[in-house]
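A.B. asks: Supplied structure: protein19.pdb, PDB, C-alpha atoms, pLDDT in the B column.
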ATOM      1  CA  MET K   1      47.964  16.529 -33.862  1.00 64.00           C
ATOM      2  CA  PRO K   2      49.936  13.931 -31.968  1.00 76.00           C
ATOM      3  CA  LYS K   3      48.300  10.551 -31.562  1.00 78.00           C
ATOM      4  CA  ASN K   4      48.426  10.714 -27.718  1.00 77.00           C
ATOM      5  CA  ILE K   5      46.466  13.969 -27.630  1.00 80.00           C
ATOM      6  CA  ILE K   6      43.751  12.541 -29.913  1.00 81.00           C
ATOM      7  CA  ILE K   7      43.446   9.449 -27.702  1.00 81.00           C
ATOM      8  CA  ALA K   8      43.284  11.606 -24.539  1.00 75.00           C
ATOM      9  CA  ILE K   9      40.552  13.797 -26.065  1.00 81.00           C
ATOM     10  CA  ALA K  10      38.569  10.711 -27.140  1.00 76.00           C
ATOM     11  CA  VAL K  11      38.857   9.165 -23.663  1.00 76.00           C
ATOM     12  CA  LEU K  12      37.831  12.411 -21.946  1.00 77.00           C
ATOM     13  CA  THR K  13      34.877  12.793 -24.316  1.00 83.00           C
ATOM     14  CA  ALA K  14      33.764   9.208 -23.631  1.00 74.00           C
ATOM     15  CA  VAL K  15      34.060   9.736 -19.853  1.00 73.00           C
ATOM     16  CA  ALA K  16      32.068  12.975 -20.101  1.00 72.00           C
ATOM     17  CA  ILE K  17      29.331  11.213 -22.081  1.00 81.00           C
ATOM     18  CA  VAL K  18      29.161   8.355 -19.552  1.00 69.00           C
ATOM     19  CA  ILE K  19      29.003  10.787 -16.602  1.00 78.00           C
ATOM     20  CA  THR K  20      26.299  12.875 -18.302  1.00 74.00           C
ATOM     21  CA  ALA K  21      24.248   9.763 -19.095  1.00 67.00           C
ATOM     22  CA  GLY K  22      24.698   8.523 -15.516  1.00 67.00           C
ATOM     23  CA  VAL K  23      23.517  11.832 -14.045  1.00 66.00           C
ATOM     24  CA  PHE K  24      20.525  11.873 -16.400  1.00 60.00           C
ATOM     25  CA  MET K  25      19.560   8.280 -15.536  1.00 62.00           C
ATOM     26  CA  TRP K  26      20.008   8.891 -11.810  1.00 57.00           C
ATOM     27  CA  LYS K  27      17.780  11.991 -11.936  1.00 58.00           C
ATOM     28  CA  HIS K  28      15.162  10.117 -13.955  1.00 52.00           C
ATOM     29  CA  PHE K  29      15.209   7.086 -11.636  1.00 51.00           C
ATOM     30  CA  ALA K  30      15.164   9.195  -8.460  1.00 47.00           C
ATOM     31  CA  LYS K  31      12.161  11.227  -9.633  1.00 44.00           C
ATOM     32  CA  LYS K  32      10.271   8.152 -10.727  1.00 43.00           C
ATOM     33  CA  HIS K  33      10.705   6.316  -7.424  1.00 41.00           C
ATOM     34  CA  ILE K  34      10.303   9.044  -4.802  1.00 39.00           C
ATOM     35  CA  LEU K  35       7.969   7.743  -2.126  1.00 42.00           C
ATOM     36  CA  ASP K  36       7.677  10.894  -0.133  1.00 41.00           C
ATOM     37  CA  GLY K  37       8.325  14.340  -1.408  1.00 40.00           C
ATOM     38  CA  PRO K  38       7.526  16.030  -4.708  1.00 39.00           C
ATOM     39  CA  GLY K  39       5.670  13.678  -7.004  1.00 42.00           C
ATOM     40  CA  MET K  40       4.152  11.531  -4.282  1.00 45.00           C
ATOM     41  CA  GLU K  41       0.593  10.420  -4.844  1.00 51.00           C
ATOM     42  CA  ARG K  42      -0.954  12.025  -1.753  1.00 51.00           C
ATOM     43  CA  PRO K  43       0.326  13.872   1.294  1.00 52.00           C
ATOM     44  CA  LEU K  44       0.783  11.524   4.247  1.00 48.00           C
ATOM     45  CA  CYS K  45      -1.524  13.656   6.363  1.00 51.00           C
ATOM     46  CA  TYR K  46      -4.608  13.026   4.223  1.00 64.00           C
ATOM     47  CA  THR K  47      -7.490  11.819   6.354  1.00 79.00           C
ATOM     48  CA  ILE K  48      -8.902   8.399   5.621  1.00 85.00           C
ATOM     49  CA  THR K  49     -12.548   7.594   6.305  1.00 90.00           C
ATOM     50  CA  SER K  50     -12.364   3.831   5.828  1.00 92.00           C
ATOM     51  CA  CYS K  51      -9.937   0.930   5.617  1.00 93.00           C
ATOM     52  CA  ARG K  52     -10.751  -2.497   4.204  1.00 95.00           C
ATOM     53  CA  TYR K  53      -8.629  -5.642   4.466  1.00 94.00           C
ATOM     54  CA  TYR K  54      -9.800  -8.304   2.004  1.00 94.00           C
ATOM     55  CA  THR K  55      -8.502 -11.803   1.315  1.00 92.00           C
ATOM     56  CA  GLY K  56      -9.968 -14.040  -1.370  1.00 90.00           C
ATOM     57  CA  GLY K  57      -9.594 -15.686  -4.735  1.00 83.00           C
ATOM     58  CA  GLY K  58      -7.755 -18.780  -3.569  1.00 83.00           C
ATOM     59  CA  MET K  59      -8.249 -22.338  -4.726  1.00 84.00           C
ATOM     60  CA  ASP K  60     -10.823 -23.085  -1.988  1.00 86.00           C
ATOM     61  CA  GLY K  61     -13.064 -20.177  -2.995  1.00 86.00           C
ATOM     62  CA  GLY K  62     -13.084 -18.631   0.459  1.00 90.00           C
ATOM     63  CA  SER K  63     -13.017 -14.943   1.225  1.00 92.00           C
ATOM     64  CA  SER K  64     -12.981 -12.661   4.207  1.00 93.00           C
ATOM     65  CA  SER K  65     -12.976  -8.949   4.848  1.00 94.00           C
ATOM     66  CA  ILE K  66     -12.745  -6.577   7.752  1.00 94.00           C
ATOM     67  CA  GLU K  67     -13.572  -2.928   7.209  1.00 94.00           C
ATOM     68  CA  ILE K  68     -13.551   0.024   9.556  1.00 94.00           C
ATOM     69  CA  TYR K  69     -15.424   3.015   8.215  1.00 93.00           C
ATOM     70  CA  THR K  70     -17.098   6.266   9.177  1.00 91.00           C
ATOM     71  CA  GLY K  71     -20.879   5.964   8.975  1.00 91.00           C
ATOM     72  CA  ASP K  72     -23.332   8.645   7.862  1.00 90.00           C
ATOM     73  CA  ASP K  73     -23.820   9.508  11.543  1.00 92.00           C
ATOM     74  CA  ASN K  74     -20.031  10.155  11.893  1.00 89.00           C
ATOM     75  CA  LYS K  75     -19.646   7.124  14.175  1.00 92.00           C
ATOM     76  CA  ILE K  76     -16.993   4.508  13.428  1.00 92.00           C
ATOM     77  CA  TYR K  77     -18.145   0.998  12.500  1.00 95.00           C
ATOM     78  CA  LEU K  78     -16.464  -2.334  11.890  1.00 94.00           C
ATOM     79  CA  SER K  79     -17.936  -4.677   9.317  1.00 94.00           C
ATOM     80  CA  TYR K  80     -16.754  -8.301   9.379  1.00 94.00           C
ATOM     81  CA  TYR K  81     -17.366 -11.036   6.808  1.00 95.00           C
ATOM     82  CA  ASP K  82     -15.901 -14.532   6.545  1.00 93.00           C
ATOM     83  CA  CYS K  83     -16.615 -17.542   4.346  1.00 92.00           C
ATOM     84  CA  PRO K  84     -13.694 -19.986   4.694  1.00 90.00           C
ATOM     85  CA  TYR K  85     -14.508 -22.020   1.556  1.00 88.00           C
ATOM     86  CA  ILE K  86     -17.202 -22.450  -1.089  1.00 87.00           C
ATOM     87  CA  GLY K  87     -20.378 -23.723   0.537  1.00 87.00           C
ATOM     88  CA  ALA K  88     -19.261 -22.964   4.101  1.00 88.00           C
ATOM     89  CA  GLU K  89     -21.485 -21.114   6.526  1.00 93.00           C
ATOM     90  CA  GLU K  90     -20.904 -17.389   6.237  1.00 92.00           C
ATOM     91  CA  GLU K  91     -20.323 -15.203   9.269  1.00 94.00           C
ATOM     92  CA  SER K  92     -20.926 -11.473   9.137  1.00 93.00           C
ATOM     93  CA  TYR K  93     -21.698  -8.628  11.500  1.00 94.00           C
ATOM     94  CA  THR K  94     -21.338  -4.879  11.912  1.00 93.00           C
ATOM     95  CA  ILE K  95     -20.538  -3.225  15.242  1.00 93.00           C
ATOM     96  CA  GLU K  96     -19.755   0.272  16.433  1.00 93.00           C
ATOM     97  CA  VAL K  97     -16.144   0.725  17.534  1.00 92.00           C
ATOM     98  CA  SER K  98     -14.052   3.382  19.223  1.00 88.00           C
ATOM     99  CA  SER K  99     -13.275   6.502  17.216  1.00 83.00           C
ATOM    100  CA  ASP K 100      -9.629   5.653  17.926  1.00 86.00           C
ATOM    101  CA  ALA K 101      -9.795   2.796  15.390  1.00 87.00           C
ATOM    102  CA  LEU K 102      -9.169   4.908  12.288  1.00 88.00           C
ATOM    103  CA  ASN K 103      -6.485   6.889  14.126  1.00 88.00           C
ATOM    104  CA  LYS K 104      -4.507   3.705  14.849  1.00 90.00           C
ATOM    105  CA  ILE K 105      -4.855   2.582  11.246  1.00 90.00           C
ATOM    106  CA  GLN K 106      -3.862   5.971   9.858  1.00 86.00           C
ATOM    107  CA  GLN K 107      -0.786   5.979  12.129  1.00 88.00           C
ATOM    108  CA  ALA K 108       0.266   2.557  10.764  1.00 88.00           C
ATOM    109  CA  PHE K 109      -0.169   3.838   7.204  1.00 85.00           C
ATOM    110  CA  TYR K 110       1.808   6.960   8.070  1.00 84.00           C
ATOM    111  CA  SER K 111       4.728   4.985   9.510  1.00 83.00           C
ATOM    112  CA  ARG K 112       5.014   2.928   6.275  1.00 82.00           C
ATOM    113  CA  LYS K 113       4.347   5.956   4.022  1.00 82.00           C
ATOM    114  CA  PHE K 114       1.489   3.902   2.546  1.00 82.00           C
ATOM    115  CA  LEU K 115      -0.581   6.876   1.438  1.00 75.00           C
ATOM    116  CA  SER K 116       2.263   8.161  -0.752  1.00 78.00           C
ATOM    117  CA  TRP K 117       3.010   4.966  -2.689  1.00 81.00           C
ATOM    118  CA  GLY K 118       0.817   5.762  -5.664  1.00 80.00           C
ATOM    119  CA  LYS K 119       0.211   3.243  -8.446  1.00 85.00           C
ATOM    120  CA  LEU K 120       2.497   0.253  -7.976  1.00 86.00           C
ATOM    121  CA  PRO K 121       3.611  -2.163 -10.699  1.00 85.00           C
ATOM    122  CA  LYS K 122       2.467  -5.774 -10.480  1.00 84.00           C
ATOM    123  CA  SER K 123       4.970  -8.305  -9.186  1.00 79.00           C
ATOM    124  CA  ASP K 124       6.441 -10.849 -11.603  1.00 76.00           C
ATOM    125  CA  LEU K 125       5.845 -13.559  -8.981  1.00 74.00           C
ATOM    126  CA  VAL K 126       2.299 -14.947  -9.261  1.00 69.00           C
ATOM    127  CA  LEU K 127       0.952 -17.735  -7.056  1.00 69.00           C
ATOM    128  CA  LEU K 128      -1.955 -19.029  -9.110  1.00 70.00           C
ATOM    129  CA  ASP K 129      -3.859 -20.956  -6.417  1.00 76.00           C
ATOM    130  CA  ALA K 130      -3.129 -18.634  -3.504  1.00 79.00           C
ATOM    131  CA  PRO K 131      -5.617 -16.088  -2.189  1.00 84.00           C
ATOM    132  CA  GLN K 132      -4.845 -12.442  -2.796  1.00 87.00           C
ATOM    133  CA  THR K 133      -4.881  -9.832  -0.036  1.00 89.00           C
ATOM    134  CA  THR K 134      -5.875  -6.245  -0.728  1.00 91.00           C
ATOM    135  CA  LEU K 135      -5.792  -3.147   1.464  1.00 91.00           C
ATOM    136  CA  SER K 136      -8.113  -0.336   0.401  1.00 91.00           C
ATOM    137  CA  VAL K 137      -8.562   3.073   1.942  1.00 90.00           C
ATOM    138  CA  THR K 138     -11.089   5.781   1.222  1.00 89.00           C
ATOM    139  CA  TYR K 139      -9.920   9.355   1.614  1.00 85.00           C
ATOM    140  CA  GLY K 140     -12.004  12.182   3.012  1.00 82.00           C
ATOM    141  CA  ASP K 141     -12.763  13.334  -0.550  1.00 82.00           C
ATOM    142  CA  GLY K 142     -14.200   9.895  -1.435  1.00 84.00           C
ATOM    143  CA  GLU K 143     -11.301   8.701  -3.600  1.00 86.00           C
ATOM    144  CA  ILE K 144     -10.255   5.063  -3.062  1.00 88.00           C
ATOM    145  CA  TYR K 145      -6.684   3.753  -3.066  1.00 88.00           C
ATOM    146  CA  SER K 146      -5.885   0.013  -3.058  1.00 89.00           C
ATOM    147  CA  VAL K 147      -2.720  -2.033  -2.775  1.00 90.00           C
ATOM    148  CA  SER K 148      -2.522  -5.782  -3.279  1.00 88.00           C
ATOM    149  CA  ASP K 149       0.063  -8.270  -2.079  1.00 85.00           C
ATOM    150  CA  SER K 150       0.633  -9.031  -5.771  1.00 85.00           C
ATOM    151  CA  ASP K 151       1.990  -5.489  -6.280  1.00 87.00           C
ATOM    152  CA  GLU K 152       5.661  -4.601  -5.982  1.00 85.00           C
ATOM    153  CA  ILE K 153       5.567  -3.096  -2.504  1.00 83.00           C
ATOM    154  CA  PRO K 154       8.399  -0.646  -1.701  1.00 83.00           C
ATOM    155  CA  GLY K 155      10.976  -1.480   0.980  1.00 80.00           C
ATOM    156  CA  GLU K 156       9.555  -3.236   4.009  1.00 81.00           C
ATOM    157  CA  GLY K 157       6.065  -2.103   3.073  1.00 83.00           C
ATOM    158  CA  TYR K 158       4.746  -5.682   3.068  1.00 83.00           C
ATOM    159  CA  LYS K 159       4.608  -5.416   6.855  1.00 89.00           C
ATOM    160  CA  ILE K 160       1.635  -3.065   6.475  1.00 90.00           C
ATOM    161  CA  PHE K 161      -0.613  -6.045   5.672  1.00 90.00           C
ATOM    162  CA  THR K 162       0.049  -7.785   9.018  1.00 90.00           C
ATOM    163  CA  GLU K 163       0.015  -4.493  10.937  1.00 92.00           C
ATOM    164  CA  ILE K 164      -3.396  -3.469   9.611  1.00 91.00           C
ATOM    165  CA  TYR K 165      -4.807  -6.977  10.064  1.00 91.00           C
ATOM    166  CA  SER K 166      -3.631  -6.987  13.691  1.00 91.00           C
ATOM    167  CA  ILE K 167      -5.190  -3.593  14.377  1.00 91.00           C
ATOM    168  CA  LEU K 168      -8.470  -4.595  12.754  1.00 90.00           C
ATOM    169  CA  ASN K 169      -8.541  -7.839  14.729  1.00 88.00           C
ATOM    170  CA  LEU K 170      -8.200  -5.887  17.979  1.00 87.00           C
ATOM    171  CA  PHE K 171     -11.484  -4.198  17.213  1.00 84.00           C
ATOM    172  CA  THR K 172     -13.264  -7.392  16.124  1.00 80.00           C
ATOM    173  CA  GLN K 173     -12.536  -8.717  19.620  1.00 65.00           C
ATOM    174  CA  GLY K 174     -13.748  -5.536  21.294  1.00 55.00           C
ATOM    175  CA  ASP K 175     -10.318  -4.487  22.628  1.00 47.00           C
ATOM    176  CA  ASP K 176     -10.174  -0.713  22.283  1.00 46.00           C
TER     177      ASP K 176
END
What is this file in structure tokens?
C.D. replies:
Amino acid sequence: MPKNIIIAIAVLTAVAIVITAGVFMWKHFAKKHILDGPGMERPLCYTITSCRYYTGGGMDGGSSSIEIYTGDDNKIYLSYYDCPYIGAEEESYTIEVSSDALNKIQQAFYSRKFLSWGKLPKSDLVLLDAPQTTLSVTYGDGEIYSVSDSDEIPGEGYKIFTEIYSILNLFTQGDD
């Protein structure tokens, strides 16, 4: 066989192998990182019965949380807790809020596809003395899903933390 034909066959074989490997890797990567569609953790329409925004674990020892949840009487309540630093006076209360509260929160989660993220890997960036913020939701079936700001949040998903905090703060101030 002429030398040119052998070289052409070798090159074509190498190109075919590279293309096949590329297609395989692309399919594997695409399936592993789908955020909405087959393989997502939960359908976006799942009903949530509570949402908790928690910040704590910083150098000063402070912590705070705001939670909106459905009570046993099917009314919606807001529970607030704040202790700005170790030894500070704690503030806490629980009030009844509009049934619209969970709807606003669920809409924010829906717009960011939050409920479909699934288990997220931890970020390589760790701020040792900084407080950590966690968002937790409870689904209608009682299962809890949490995401922390130390996770690798997809896309512009980090905005969900400020969106949920803003919504929760509206209800702490009584603005329905």
A.B. asks: Carefully work through the PyMOL selection byres ((chain K and resi 112) around 10) for this structure and note down the residues it includes, as a list in words.
C.D. replies: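 Here the PyMOL selection byres ((chain K and resi 112) around 10) matches Leu44, Gln107, Ala108, Phe109, Tyr110, Ser111, Lys113, Phe114, Leu115, Ser116, Trp117, Pro154, Gly155, Glu156, Gly157, Tyr158, Lys159 and Ile160 of chain K.
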A.B. asks: Can you pull out every residue within 7 Å of Ser136 in chain K, counting all atoms listed in the file, but drop anything in the same chain fewer than 6 positions away, and send it as a PDB file with C-alpha atoms, in the frame of the given file?
C.D. replies:
ATOM      1  CA  CYS K  51      -9.937   0.930   5.617  1.00 93.00           C
ATOM      2  CA  ARG K  52     -10.751  -2.497   4.204  1.00 95.00           C
ATOM      3  CA  TYR K  53      -8.629  -5.642   4.466  1.00 94.00           C
ATOM      4  CA  ILE K 144     -10.255   5.063  -3.062  1.00 88.00           C
ATOM      5  CA  TYR K 145      -6.684   3.753  -3.066  1.00 88.00           C
ATOM      6  CA  SER K 146      -5.885   0.013  -3.058  1.00 89.00           C
ATOM      7  CA  VAL K 147      -2.720  -2.033  -2.775  1.00 90.00           C
TER       8      VAL K 147
END
A.B. asks: Excluding Ser50 in chain K and its own-chain neighbours fewer than 2 positions away, which residues fall within 9 Å of it when counting all atoms listed in the file? Please give them as a ChimeraX atom specification.
C.D. replies: /K:48,52,67-70,76,102,136-140
A.B. asks: For CA of Ile167 in chain K and CA of Thr47 in chain K, quote the distance in Å rounded to one decimal.
C.D. replies: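 These atoms are spaced 17.5 Å apart.
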A.B. asks: Measure the distance from CA of Gly87 in chain K to CA of Ser150 in chain K in Å and round it to one decimal.
C.D. replies: 26.4 Å
A.B. asks: Could you jot down the CA of Ser99 in chain K to CA of Asp82 in chain K separation for me, Å, one decimal place?
C.D. replies: 23.7 Å
A.B. asks: Looking at all atoms listed in the file, which of K:Glu152, K:Ser63, K:Tyr93, K:Gly56 is the one that sits closest to Leu125 in chain K?
C.D. replies: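 Counting all atoms listed in the file, the residue closest to Leu125 in chain K is K:Glu152.
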A.B. asks: Starting from the PyMOL selection byres ((chain K and resi 149) around 7), expand the selection into actual residues of this file and give them as an MDAnalysis selection string.
C.D. replies: chainID K and resid 132:134 147:148 150:151
A.B. asks: Using all atoms listed in the file, can you tell me which of K:Tyr80, K:Thr13, K:Asp141, K:Ala130 comes closest to Met59 in chain K?
C.D. replies: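 Comparing K:Tyr80, K:Thr13, K:Asp141, K:Ala130 against Met59 in chain K, the winner is K:Ala130.
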